[in-house]
$ cat entry.cif   # mmCIF, C-alpha atoms
data_final
loop_
_atom_site.label_atom_id
_atom_site.label_comp_id
_atom_site.auth_asym_id
_atom_site.auth_seq_id
_atom_site.Cartn_x
_atom_site.Cartn_y
_atom_site.Cartn_z
CA MET A 26 0.00 0.00 0.00
CA THR A 27 1.57 3.27 -1.07
CA LEU A 28 -1.21 5.75 -0.34
CA THR A 29 -1.70 7.38 3.04
CA PRO A 30 -5.27 7.72 4.34
CA GLU A 31 -5.01 11.44 3.62
CA GLN A 32 -4.04 10.83 0.00
CA ILE A 33 -6.96 8.44 -0.32
CA GLU A 34 -9.27 11.20 0.94
CA ASP A 35 -7.78 13.63 -1.61
CA ILE A 36 -8.42 11.17 -4.43
CA LEU A 37 -11.96 10.46 -3.22
CA SER A 38 -12.80 14.14 -3.07
CA GLY A 39 -11.32 14.72 -6.53
CA GLN A 40 -8.63 17.06 -5.19
CA THR A 41 -5.91 14.74 -6.55
CA PRO A 42 -6.14 12.60 -9.69
CA GLN A 43 -6.02 8.86 -9.05
CA GLY A 44 -2.93 8.19 -11.22
CA ASP A 45 -1.92 4.93 -12.87
CA ASN A 46 0.80 3.67 -10.55
CA LEU A 47 -1.33 2.42 -7.68
CA ASP A 48 -0.84 -1.10 -6.33
CA ALA A 49 -3.62 -3.62 -5.77
CA ASP A 50 -4.07 -2.66 -2.12
CA ASP A 51 -4.43 1.02 -2.98
CA LEU A 52 -7.00 0.23 -5.62
CA ALA A 53 -8.89 -2.06 -3.24
CA ALA A 54 -8.87 0.61 -0.52
CA LEU A 55 -10.16 3.21 -2.96
CA GLU A 56 -12.85 0.94 -4.34
CA GLU A 57 -13.99 0.06 -0.86
CA ALA A 58 -14.07 3.68 0.32
CA ARG A 59 -16.08 4.66 -2.77
CA ALA A 60 -18.50 1.81 -2.15
CA ILE A 61 -19.01 2.88 1.47
CA ARG A 62 -19.52 6.48 0.39
CA SER A 63 -22.12 5.67 -2.19
CA ARG A 64 -23.92 3.17 0.06
CA LEU A 65 -24.08 5.72 2.86
CA ALA A 66 -25.48 8.32 0.49
CA ALA A 67 -28.07 5.86 -0.76
CA ALA A 68 -29.04 4.90 2.80
CA PHE A 69 -29.94 8.51 3.57
CA GLU A 70 -31.86 9.13 0.37
CA SER A 71 -35.19 8.38 1.97
CA THR A 72 -34.42 10.41 5.12
CA ARG A 73 -36.34 13.59 4.49
CA ALA A 74 -37.79 16.32 6.65
CA GLY A 75 -41.42 15.83 5.74
CA GLU A 76 -44.14 18.35 5.01
CA SER A 77 -45.28 18.68 8.62
CA LEU A 78 -41.83 19.85 9.75
CA ALA A 79 -41.66 22.36 6.89
CA ASP A 80 -45.09 23.69 7.90
CA LYS A 81 -44.10 23.86 11.58
CA ILE A 82 -41.00 25.88 10.70
CA LYS A 83 -42.92 28.23 8.43
CA THR A 84 -45.49 28.82 11.16
CA GLY A 85 -42.68 29.43 13.66
CA LEU A 86 -41.05 31.94 11.33
CA GLN A 87 -44.25 33.88 10.88
CA ALA A 88 -44.75 34.00 14.65
CA ALA A 89 -41.15 35.08 15.28
CA PRO A 90 -40.41 38.80 15.48
CA PRO A 91 -38.95 40.03 12.18
CA ALA A 92 -35.19 40.29 12.10
CA PRO A 93 -33.94 43.85 11.64
CA ARG A 94 -31.76 44.51 8.62
CA ARG A 95 -29.72 47.65 8.47
CA ARG A 96 -29.74 49.57 5.21
CA ALA A 97 -27.02 51.76 3.85
CA LEU A 98 -26.76 55.03 5.73
CA ARG A 99 -27.76 58.21 3.98
CA PHE A 100 -25.34 60.63 5.51
CA PRO A 101 -26.71 64.12 6.21
CA MET A 102 -24.39 66.85 4.88
CA ARG A 103 -24.81 68.99 7.97
CA LEU A 104 -23.02 66.36 10.04
CA ILE A 105 -19.77 66.52 8.05
CA PRO A 106 -17.94 68.77 10.57
CA LEU A 107 -18.97 66.39 13.35
CA ALA A 108 -17.73 63.40 11.34
CA ALA A 109 -14.40 65.13 10.64
CA ALA A 110 -13.96 65.71 14.37
CA ALA A 111 -14.74 62.05 15.04
CA VAL A 112 -12.18 60.89 12.45
CA LEU A 113 -9.57 63.16 14.05
CA LEU A 114 -10.39 61.75 17.48
CA ILE A 115 -10.08 58.18 16.21
CA ALA A 116 -6.73 58.95 14.54
CA VAL A 117 -5.37 60.47 17.76
CA SER A 118 -6.57 57.52 19.82
CA MET A 119 -5.02 55.05 17.34
CA PHE A 120 -1.70 56.90 17.52
CA TYR A 121 -1.91 56.79 21.31
CA ASN A 122 -2.63 53.04 21.23
CA VAL A 123 0.44 52.37 19.10
CA LEU A 124 2.58 54.09 21.71
CA THR A 125 0.99 52.43 24.71
CA PRO A 126 -0.41 49.01 23.88
CA GLU A 127 -3.13 47.56 26.07
CA PRO A 128 -1.94 44.75 28.38
CA ALA A 129 -4.55 42.21 27.36
CA GLN A 130 -6.10 42.62 23.94
CA ALA A 131 -8.03 40.08 21.95
CA GLY A 132 -4.88 38.60 20.40
CA THR A 133 -3.29 38.07 23.81
CA ILE A 134 -6.40 36.32 25.07
CA GLU A 135 -6.42 34.08 21.98
CA LEU A 136 -2.76 33.13 22.61
CA ALA A 137 -3.60 32.27 26.23
CA ASN A 138 -6.63 30.22 25.15
CA ILE A 139 -4.54 28.24 22.66
CA HIS A 140 -2.07 27.39 25.41
CA LYS A 141 -4.90 26.32 27.73
CA ALA A 142 -6.35 24.14 24.96
CA ASN A 143 -2.93 22.62 24.22
CA LEU A 144 -2.66 21.47 27.82
CA THR A 145 -5.84 19.42 27.40
CA ALA A 146 -4.43 17.68 24.27
CA PRO A 147 -7.47 18.56 22.11
CA ASP A 148 -8.75 16.46 19.24
CA GLY A 149 -6.14 16.41 16.49
CA PHE A 150 -3.25 17.22 18.83
CA GLN A 151 -0.09 15.39 17.73
CA ALA A 152 1.62 14.06 20.85
CA THR A 153 5.13 13.62 19.52
CA GLY A 154 8.60 14.88 20.29
CA ASP A 155 9.99 13.83 16.92
CA CYS A 156 11.02 17.01 15.10
CA GLU A 157 10.70 15.36 11.69
CA ASP A 158 7.12 14.29 12.44
CA ILE A 159 6.30 17.78 13.67
CA LYS A 160 7.82 19.42 10.59
CA ALA A 161 5.91 17.04 8.31
CA TYR A 162 2.67 17.75 10.21
CA PHE A 163 2.98 21.53 9.84
CA GLN A 164 4.02 21.23 6.21
CA ARG A 165 0.92 19.13 5.56
CA GLU A 166 -1.50 21.28 7.56
CA LEU A 167 -0.19 24.77 6.89
CA GLY A 168 2.26 24.48 4.00
CA PHE A 169 5.23 25.76 5.99
CA THR A 170 7.58 24.59 8.71
CA PRO A 171 8.09 26.91 11.68
CA LYS A 172 11.40 27.18 13.45
CA LEU A 173 11.63 24.50 16.11
CA LEU A 174 13.76 25.14 19.14
CA GLN A 175 17.08 23.48 19.81
CA GLN A 176 16.25 20.92 22.45
CA CYS A 177 18.28 20.52 25.62
CA PRO A 178 17.88 18.42 28.79
CA ARG A 179 15.71 21.14 30.40
CA LEU A 180 13.66 21.76 27.33
CA LYS A 181 11.98 19.43 24.86
CA VAL A 182 9.05 19.51 22.43
CA VAL A 183 6.18 17.20 23.42
CA GLY A 184 3.48 17.83 20.81
CA CYS A 185 2.01 20.10 18.19
CA HIS A 186 -1.26 21.28 16.72
CA VAL A 187 -2.80 23.97 14.54
CA ALA A 188 -5.10 26.69 15.87
CA LYS A 189 -6.63 30.00 14.86
CA VAL A 190 -5.47 33.47 15.91
CA GLN A 191 -7.40 36.48 14.66
CA GLY A 192 -9.09 34.25 12.11
CA LYS A 193 -5.86 32.85 10.64
CA MET A 194 -4.55 29.30 10.99
CA VAL A 195 -1.33 29.22 13.01
CA ALA A 196 1.19 26.62 14.16
CA THR A 197 1.61 25.82 17.83
CA TYR A 198 3.76 23.36 19.69
CA VAL A 199 4.13 22.48 23.33
CA VAL A 200 7.47 22.43 25.10
CA GLN A 201 8.27 20.87 28.43
CA LEU A 202 10.42 23.19 30.50
CA ASP A 203 11.52 21.35 33.65
CA LYS A 204 8.14 20.19 34.93
CA VAL A 205 5.97 22.88 33.38
CA GLN A 206 4.58 23.01 29.87
CA ALA A 207 4.58 26.13 27.73
CA SER A 208 3.23 26.69 24.23
CA VAL A 209 5.03 28.26 21.31
CA ILE A 210 2.57 29.91 18.90
CA VAL A 211 3.79 30.99 15.48
CA THR A 212 1.84 33.79 13.81
CA GLU A 213 2.24 35.99 10.79
CA ASP A 214 0.97 38.96 12.80
CA TRP A 215 3.55 41.14 14.53
CA PRO A 216 3.66 40.97 18.36
CA LYS A 217 2.16 44.46 18.71
CA LYS A 218 -0.84 43.43 16.66
CA LEU A 219 -1.34 40.59 19.13
CA GLY A 220 -1.54 43.12 21.96
CA LEU A 221 1.99 42.63 23.30
CA GLY A 222 4.19 45.56 24.23
CA CYS A 223 7.87 46.52 24.30
CA GLY A 224 9.91 49.55 25.29
CA CYS A 225 10.13 51.11 21.85
CA GLY A 226 7.04 52.43 20.13
CA HIS A 227 7.79 51.01 16.68
CA PRO A 228 5.03 48.69 15.42
CA HIS A 229 7.47 46.46 13.50
CA CYS A 230 10.46 46.11 15.80
CA LYS A 231 12.40 42.97 16.66
CA CYS A 232 12.48 43.59 20.43
CA VAL A 233 11.20 40.98 22.88
CA HIS A 234 7.57 41.85 23.61
CA ASN A 235 5.72 40.81 26.69
CA GLY A 236 2.24 40.55 28.04
CA GLN A 237 0.15 38.89 30.67
CA CYS A 238 -3.24 37.18 30.55
CA GLY A 239 -4.46 36.07 33.96
CA ASP A 240 -1.68 33.99 35.47
CA LEU A 241 -0.08 33.29 32.09
CA SER A 242 3.01 35.16 30.95
CA ILE A 243 3.60 35.76 27.27
CA LEU A 244 6.85 36.65 25.53
CA SER A 245 7.02 37.21 21.81
CA VAL A 246 9.71 37.98 19.28
CA ARG A 247 9.91 38.34 15.52
CA ILE A 248 12.14 35.75 13.84
CA GLY A 249 12.22 35.89 10.04
CA ASP A 250 8.77 36.51 8.65
CA ARG A 251 6.85 35.23 11.67
CA SER A 252 6.32 36.03 15.34
CA TYR A 253 7.08 33.36 17.92
CA SER A 254 5.10 33.78 21.14
CA VAL A 255 5.80 31.65 24.20
CA VAL A 256 2.92 31.30 26.65
CA GLY A 257 3.03 29.59 30.03
CA LYS A 258 2.48 29.76 33.76
CA LEU A 259 6.15 30.57 34.26
CA PRO A 260 8.12 33.69 35.15
CA PRO A 261 9.20 35.66 32.06
CA GLU A 262 12.86 34.73 32.78
CA SER A 263 12.04 31.07 32.16
CA LEU A 264 10.10 31.83 28.99
CA GLN A 265 13.09 33.88 27.87
CA LEU A 266 15.08 30.62 27.79
CA VAL A 267 12.67 29.25 25.20
CA LEU A 268 13.04 32.37 23.07
CA GLU A 269 16.83 32.16 23.31
CA ARG A 270 16.72 28.55 22.16
CA LEU A 271 14.48 29.59 19.29
CA ARG A 272 16.77 32.37 18.22
CA GLY A 273 19.55 29.75 18.21
CA MET B 7 -37.81 45.66 -3.37
CA GLU B 8 -38.89 44.73 0.14
CA PRO B 9 -41.27 46.97 2.06
CA ILE B 10 -39.83 49.18 4.76
CA ARG B 11 -41.78 48.16 7.79
CA SER B 12 -40.31 50.49 10.34
CA LEU B 13 -37.76 53.20 10.80
CA GLU B 14 -35.58 53.24 13.85
CA ARG B 15 -33.03 55.62 15.27
CA LEU B 16 -29.70 54.02 16.14
CA GLU B 17 -28.94 54.38 19.81
CA GLY B 18 -26.19 56.72 20.88
CA GLY B 19 -25.03 57.88 17.47
CA GLY B 20 -27.71 60.42 16.79
CA ILE B 21 -27.32 59.68 13.08
CA SER B 22 -30.48 58.31 11.61
CA ALA B 23 -30.38 55.02 9.75
CA ASN B 24 -33.10 53.20 7.98
CA VAL B 25 -33.70 49.79 9.43
CA ARG B 26 -36.01 47.62 7.46
CA MET B 27 -37.34 44.37 8.75
CA THR B 28 -36.67 41.10 7.00
CA ASP B 29 -39.91 39.27 6.48
CA SER B 30 -39.93 35.51 6.54
CA SER B 31 -40.54 35.05 2.81
CA ASP B 32 -37.05 36.26 1.95
CA PHE B 33 -35.56 33.90 4.50
CA GLU B 34 -37.74 30.99 3.37
CA LYS B 35 -36.68 31.46 -0.23
CA THR B 36 -33.01 31.38 0.76
CA ALA B 37 -32.90 28.80 3.52
CA MET B 38 -35.81 26.38 3.12
CA PRO B 39 -34.31 24.58 0.07
CA TYR B 40 -31.75 23.17 2.55
CA LEU B 41 -34.36 21.81 4.97
CA ASP B 42 -33.68 18.18 4.05
CA ASN B 43 -29.91 18.62 4.39
CA VAL B 44 -30.25 20.24 7.81
CA PHE B 45 -32.77 17.64 8.95
CA ARG B 46 -30.57 14.72 7.85
CA THR B 47 -27.56 16.21 9.62
CA ALA B 48 -29.65 16.77 12.75
CA PHE B 49 -30.79 13.15 12.53
CA VAL B 50 -27.16 12.02 12.36
CA LEU B 51 -26.39 14.08 15.45
CA CYS B 52 -29.46 13.18 17.52
CA GLY B 53 -30.19 9.65 16.36
CA ARG B 54 -33.95 10.07 16.75
CA ARG B 55 -36.37 11.52 14.26
CA GLU B 56 -38.32 13.53 16.87
CA ASP B 57 -35.16 15.07 18.34
CA ALA B 58 -33.90 15.82 14.85
CA GLU B 59 -37.15 17.65 14.05
CA ASP B 60 -36.78 19.76 17.21
CA LEU B 61 -33.18 20.56 16.45
CA THR B 62 -33.97 21.44 12.84
CA GLN B 63 -36.77 23.74 13.92
CA ALA B 64 -34.54 25.44 16.50
CA THR B 65 -31.82 25.84 13.85
CA PHE B 66 -34.12 27.54 11.35
CA LEU B 67 -35.55 29.90 13.97
CA LYS B 68 -32.06 30.82 15.11
CA ALA B 69 -30.96 31.27 11.51
CA PHE B 70 -33.91 33.60 10.90
CA GLY B 71 -32.79 35.72 13.86
CA GLN B 72 -29.28 35.85 12.40
CA PHE B 73 -30.41 36.33 8.81
CA PRO B 74 -29.38 40.01 8.72
CA SER B 75 -25.77 38.88 9.17
CA TYR B 76 -26.02 36.41 6.28
CA ARG B 77 -24.36 37.74 3.14
CA PRO B 78 -26.49 36.95 0.07
CA GLY B 79 -24.68 34.84 -2.48
CA THR B 80 -22.48 33.09 0.08
CA ASN B 81 -22.88 29.41 0.93
CA CYS B 82 -26.22 29.24 2.72
CA LYS B 83 -26.00 25.51 3.37
CA ALA B 84 -22.66 25.87 5.18
CA TRP B 85 -24.07 28.83 7.13
CA LEU B 86 -27.05 26.76 8.25
CA MET B 87 -24.81 23.81 9.14
CA ARG B 88 -22.71 26.04 11.40
CA ILE B 89 -25.85 27.26 13.16
CA LEU B 90 -27.04 23.66 13.47
CA ARG B 91 -23.76 22.61 15.01
CA ASN B 92 -23.87 25.48 17.51
CA SER B 93 -27.49 24.69 18.39
CA TRP B 94 -26.48 21.08 18.99
CA ILE B 95 -23.60 22.11 21.25
CA ASP B 96 -25.98 24.39 23.20
CA ARG B 97 -28.31 21.44 23.59
CA LEU B 98 -25.54 19.17 24.84
CA ARG B 99 -24.48 21.81 27.36
CA HIS B 100 -28.06 22.13 28.53
CA ARG B 101 -28.28 18.35 28.90
CA LYS B 102 -25.13 18.37 31.00
CA VAL B 103 -26.87 20.77 33.35
CA VAL B 104 -30.26 19.10 33.53
CA GLY B 105 -29.03 15.52 33.15
CA PRO B 106 -29.12 13.08 30.26
CA GLU B 107 -32.33 12.01 28.59
CA LEU B 108 -33.25 8.36 28.47
CA GLN B 109 -31.61 6.74 25.50
CA VAL B 110 -33.67 4.75 23.07
CA GLU B 111 -32.64 1.15 23.05
CA ARG B 112 -30.98 0.39 19.77
CA LEU B 113 -30.40 -3.10 18.49
CA PRO B 114 -26.62 -3.19 18.19
CA LEU B 115 -24.83 -4.78 15.31
CA ALA B 116 -22.77 -7.79 16.33
CA ALA B 117 -19.41 -6.88 17.83
CA PRO B 118 -16.49 -7.14 15.43
CA GLU B 119 -14.69 -10.45 15.64
CA SER B 120 -11.28 -9.26 14.66
CA ASP B 121 -9.37 -6.03 14.33
CA LYS B 122 -7.39 -7.29 11.34
CA GLU B 123 -7.79 -4.93 8.42
CA THR B 124 -9.30 -6.52 5.37
CA HIS B 125 -10.41 -5.21 2.02
CA TRP B 126 -13.68 -6.46 0.76
CA THR B 127 -13.14 -7.89 -2.68
CA ASN B 128 -16.71 -7.13 -3.67
CA ALA B 129 -17.48 -4.17 -1.44
CA GLU B 130 -20.43 -2.91 -3.45
CA ASP B 131 -22.26 -6.26 -3.35
CA ILE B 132 -21.61 -6.67 0.36
CA LEU B 133 -22.88 -3.21 1.18
CA GLU B 134 -25.96 -3.76 -0.95
CA SER B 135 -26.86 -6.65 1.34
CA PHE B 136 -27.43 -4.26 4.24
CA ALA B 137 -30.73 -2.51 4.81
CA ASP B 138 -30.60 1.30 4.91
CA GLU B 139 -31.47 1.20 8.62
CA GLN B 140 -28.50 -1.07 9.35
CA ILE B 141 -26.13 1.28 7.57
CA ILE B 142 -27.57 4.29 9.43
CA ASP B 143 -27.47 2.43 12.76
CA ALA B 144 -23.83 1.50 12.17
CA LEU B 145 -23.06 5.15 11.45
CA HIS B 146 -24.71 6.08 14.74
CA GLU B 147 -22.32 3.74 16.54
CA LEU B 148 -19.39 5.95 15.58
CA PRO B 149 -18.14 8.70 17.91
CA GLU B 150 -19.89 11.97 17.13
CA ALA B 151 -16.80 13.68 15.74
CA GLN B 152 -16.23 10.95 13.13
CA ARG B 153 -19.95 10.45 12.49
CA LEU B 154 -20.53 14.06 11.54
CA VAL B 155 -17.45 14.28 9.34
CA ILE B 156 -18.33 11.03 7.52
CA PHE B 157 -21.87 12.27 6.99
CA LEU B 158 -20.87 15.69 5.69
CA VAL B 159 -18.11 14.35 3.44
CA ASP B 160 -19.69 11.14 2.16
CA VAL B 161 -23.43 11.80 2.22
CA GLU B 162 -23.67 15.55 1.81
CA GLN B 163 -20.53 15.55 -0.37
CA THR B 164 -19.36 18.73 1.29
CA PRO B 165 -15.80 19.76 0.29
CA VAL B 166 -13.16 19.11 2.97
CA ASP B 167 -12.36 22.82 3.39
CA GLU B 168 -16.01 23.62 3.93
CA VAL B 169 -16.40 20.85 6.52
CA ALA B 170 -13.31 22.21 8.26
CA GLU B 171 -14.94 25.62 8.40
CA ILE B 172 -18.29 24.29 9.62
CA LEU B 173 -16.70 22.23 12.38
CA ASP B 174 -13.92 24.71 13.11
CA ILE B 175 -11.16 22.13 12.69
CA ALA B 176 -8.16 21.82 10.36
CA PRO B 177 -8.67 20.24 6.90
CA GLY B 178 -6.14 17.54 7.83
CA THR B 179 -8.29 16.62 10.84
CA VAL B 180 -11.34 16.32 8.57
CA LYS B 181 -9.47 13.88 6.35
CA SER B 182 -8.14 11.78 9.21
CA ARG B 183 -11.57 11.64 10.87
CA ALA B 184 -13.21 10.63 7.60
CA SER B 185 -10.65 7.92 7.00
CA ARG B 186 -10.79 6.57 10.57
CA GLY B 187 -14.57 6.80 10.64
CA ARG B 188 -14.96 4.82 7.43
CA ALA B 189 -12.54 2.16 8.69
CA LYS B 190 -14.51 1.87 11.93
CA LEU B 191 -17.79 1.70 10.07
CA LYS B 192 -16.41 -1.15 8.01
CA VAL B 193 -15.35 -3.02 11.15
CA LEU B 194 -18.86 -2.61 12.53
CA LEU B 195 -20.40 -3.95 9.34
CA ARG B 196 -17.81 -6.67 8.80
CA SER B 197 -19.09 -9.20 11.26
CA HIS B 198 -22.57 -8.88 9.87
CA ALA B 199 -21.18 -9.32 6.36
CA ALA B 200 -19.44 -12.50 7.49
CA ASP B 201 -22.75 -13.80 8.82
CA LEU B 202 -24.14 -13.26 5.36
CA GLY B 203 -21.35 -15.36 3.89
CA PHE B 204 -19.10 -12.67 2.44
CA ASP B 205 -15.36 -12.97 3.02
CA GLY B 206 -12.71 -10.31 3.32
CA ARG B 207 -9.25 -10.48 1.89
CA VAL B 208 -6.77 -10.11 4.73
CA LYS B 209 -4.20 -7.45 3.95
#
$ encode --input "entry.cif" --output "structure tokens"
Amino acid sequence: MTLTPEQIEDILSGQTPQGDNLDADDLAALEEARAIRSRLAAAFESTRAGESLADKIKTGLQAAPPAPRRRALRFPMRLIPLAAAAVLLIAVSMFYNVLTPEPAQAGTIELANIHKANLTAPDGFQATGDCEDIKAYFQRELGFTPKLLQQCPRLKVVGCHVAKVQGKMVATYVVQLDKVQASVIVTEDWPKKLGLGCGCGHPHCKCVHNGQCGDLSILSVRIGDRSYSVVGKLPPESLQLVLERLRG
Amino acid sequence: MEPIRSLERLEGGGISANVRMTDSSDFEKTAMPYLDNVFRTAFVLCGRREDAEDLTQATFLKAFGQFPSYRPGTNCKAWLMRILRNSWIDRLRHRKVVGPELQVERLPLAAPESDKETHWTNAEDILESFADEQIIDALHELPEAQRLVIFLVDVEQTPVDEVAEILDIAPGTVKSRASRGRAKLKVLLRSHAADLGFDGRVK
């Protein structure tokens, strides 16, 4: 058998052509999967909602209060000076925010939540310390391989997963530091965009950024074209060790 | 053009905006064509026709409430499926609080005799020998995560990326769940197939 289950799924869904060089086991596996698919589909053909359910729903909809839909605003000309003042106010407040980032913004909370989820080994979590397996997993899931840290007796990778930060899929892996686990989360967004702060006010600097979310400390640094954030219930000095190992 | 049924003033802003109310006919035209799909998915989740009807009804009412946020022209079926999934999760949470309902006794398929992987040499014929109910019952034996993925991928023929979005999981996870689910389904059906006199080729 030369095909992985994932490749079989790709062929079944038509994402990948079947090709001519498949062995007998591959062909049998494909034939069987196709047979199960079509039999399942046929089994559900007669499962239908029925008229009475459709009527019940329609009655329910008519009884429900109508949902409001907002139309495009027609902007009154006399409010233009007010709008200009509002725009100015927003610009000033944005400039202020760049200089003094909030301690816990949405991005920071998302990083903390990913770490918390990692500790529960969620569905799909790859519990492996094998760097090659981890690289292959990220390549398959996300099409890139993040920088993995140089392992040492105090520090080793124990698993990996993919998650979402600000709506984008990101790589994350868990490291064991002495007896505590921390998560490394690799994002395209810069640390400041994630709500983390540093001494300088530049939005795209390569300083070490830090933040806090509840009892979790977060350190983040830009390496190459991605930000590496380390999250854990550890003092920042310990998380710094992870960053140093990442920076090589 | 839809009738403007009321005008409202947005709170706080002082700038007037027209708010027109969506009547149910617009929603019905968009969402009701997917009633069977939503019902079947609800049936796969609940396992009982009556529960599936309740869940479907709740899903459509919720969807109507959220209809203003639906962007016309986008995938309505996927949108409804996401609402269905969230309604189901709400229901499970509620059950955790109030305690589980009595489960309907289901006649189980015979337990698998062996874990050895085999490929059926005449899979189509073997599967034809099962009644629809037996296939559906076997599907219900799978863990929910695999069951829903198998259903969406194999029965609803939903693209992997779309399933990933509906279930909020990675596409790779969808593929592995589908593959594992199908393998498990086969194991569940295998012993019954053997009773019917069909043999598997041991890999």
$ closest_residue --input "entry.cif" --among "A:Gln237, A:Thr84, A:Thr72, A:Thr29" --to "chain B" --atoms "all atoms listed in the file"
A:Thr72
$ residues_around --input "entry.cif" --residues "B:Tyr40" --least-positions-apart "2" --cutoff "12 Å" --atoms "only C-alpha atoms" --output "ChimeraX atom specification"
/A:73-74,79 /B:33-38,42-47,62,65-66,81-87,90,162
$ resolve_selection --input "entry.cif" --expression "the PyMOL selection byres ((chain A and resi 134-146) around 8)" --output "tab-separated table (two decimals) with C-alpha atoms, keeping the file's coordinate frame"
chain	number	residue	atom	x	y	z
A	129	ALA	CA	-4.55	42.21	27.36
A	130	GLN	CA	-6.10	42.62	23.94
A	131	ALA	CA	-8.03	40.08	21.95
A	132	GLY	CA	-4.88	38.60	20.40
A	133	THR	CA	-3.29	38.07	23.81
A	147	PRO	CA	-7.47	18.56	22.11
A	148	ASP	CA	-8.75	16.46	19.24
A	150	PHE	CA	-3.25	17.22	18.83
A	152	ALA	CA	1.62	14.06	20.85
A	186	HIS	CA	-1.26	21.28	16.72
A	188	ALA	CA	-5.10	26.69	15.87
A	190	VAL	CA	-5.47	33.47	15.91
A	191	GLN	CA	-7.40	36.48	14.66
A	199	VAL	CA	4.13	22.48	23.33
A	206	GLN	CA	4.58	23.01	29.87
A	207	ALA	CA	4.58	26.13	27.73
A	208	SER	CA	3.23	26.69	24.23
A	210	ILE	CA	2.57	29.91	18.90
A	238	CYS	CA	-3.24	37.18	30.55
A	241	LEU	CA	-0.08	33.29	32.09
A	256	VAL	CA	2.92	31.30	26.65
A	257	GLY	CA	3.03	29.59	30.03
$ atom_distance --input "entry.cif" --atom1 "atom CA of A:Leu202" --atom2 "atom CA of A:Pro178"
9.0 Å
$ atom_distance --input "entry.cif" --atom1 "atom CA of A:Gln151" --atom2 "atom CA of A:Gln164"
13.6 Å
$ closest_residue --input "entry.cif" --among "B:Arg97, B:Lys181, B:Lys68, B:Arg188" --to "B:Pro149" --atoms "all atoms listed in the file"
B:Arg188
$ atom_distance --input "entry.cif" --atom1 "atom CA of A:Glu269" --atom2 "atom CA of A:Gly149"
28.7 Å
$ residues_near_point --input "entry.cif" --point "(-3.9, 26.9, 7.1)" --cutoff "9 Å" --atoms "only C-alpha atoms" --output "ChimeraX atom specification"
/A:166-168,187-189,193-196 /B:176-177
$ resolve_selection --input "entry.cif" --expression "the PyMOL selection byres ((chain B and resi 147) around 10)" --output "PDB file with C-alpha atoms, keeping the file's coordinate frame"
ATOM      1  CA  GLY B  53     -30.190   9.650  16.360  1.00  0.00           C
ATOM      2  CA  ARG B 112     -30.980   0.390  19.770  1.00  0.00           C
ATOM      3  CA  PRO B 114     -26.620  -3.190  18.190  1.00  0.00           C
ATOM      4  CA  LEU B 115     -24.830  -4.780  15.310  1.00  0.00           C
ATOM      5  CA  ILE B 142     -27.570   4.290   9.430  1.00  0.00           C
ATOM      6  CA  ASP B 143     -27.470   2.430  12.760  1.00  0.00           C
ATOM      7  CA  ALA B 144     -23.830   1.500  12.170  1.00  0.00           C
ATOM      8  CA  LEU B 145     -23.060   5.150  11.450  1.00  0.00           C
ATOM      9  CA  HIS B 146     -24.710   6.080  14.740  1.00  0.00           C
ATOM     10  CA  LEU B 148     -19.390   5.950  15.580  1.00  0.00           C
ATOM     11  CA  PRO B 149     -18.140   8.700  17.910  1.00  0.00           C
ATOM     12  CA  GLU B 150     -19.890  11.970  17.130  1.00  0.00           C
ATOM     13  CA  ARG B 153     -19.950  10.450  12.490  1.00  0.00           C
ATOM     14  CA  LYS B 190     -14.510   1.870  11.930  1.00  0.00           C
ATOM     15  CA  LEU B 191     -17.790   1.700  10.070  1.00  0.00           C
ATOM     16  CA  LEU B 194     -18.860  -2.610  12.530  1.00  0.00           C
TER      17      LEU B 194
END
$ residues_around --input "entry.cif" --residues "A:Arg64" --least-positions-apart "4" --cutoff "12 Å" --atoms "all atoms listed in the file" --output "VMD selection string"
(chain A and resid 57 to 60 68 to 70) or (chain B and resid 129 to 142 145 157 160 to 161 188 191 to 192)
$ axis_aligned_box --input "entry.cif" --around "stretch 64-74 of chain B" --padding-each-side "3 Å" --output "JSON"
{"center_x": -32.4, "center_y": 32.7, "center_z": 12.6, "size_x": 12.3, "size_y": 20.6, "size_z": 13.8}
$ closest_residue --input "entry.cif" --among "B:Ser185, B:Asp57, B:Asp32, B:Asp96" --to "B:Pro74" --atoms "only C-alpha atoms"
B:Asp32
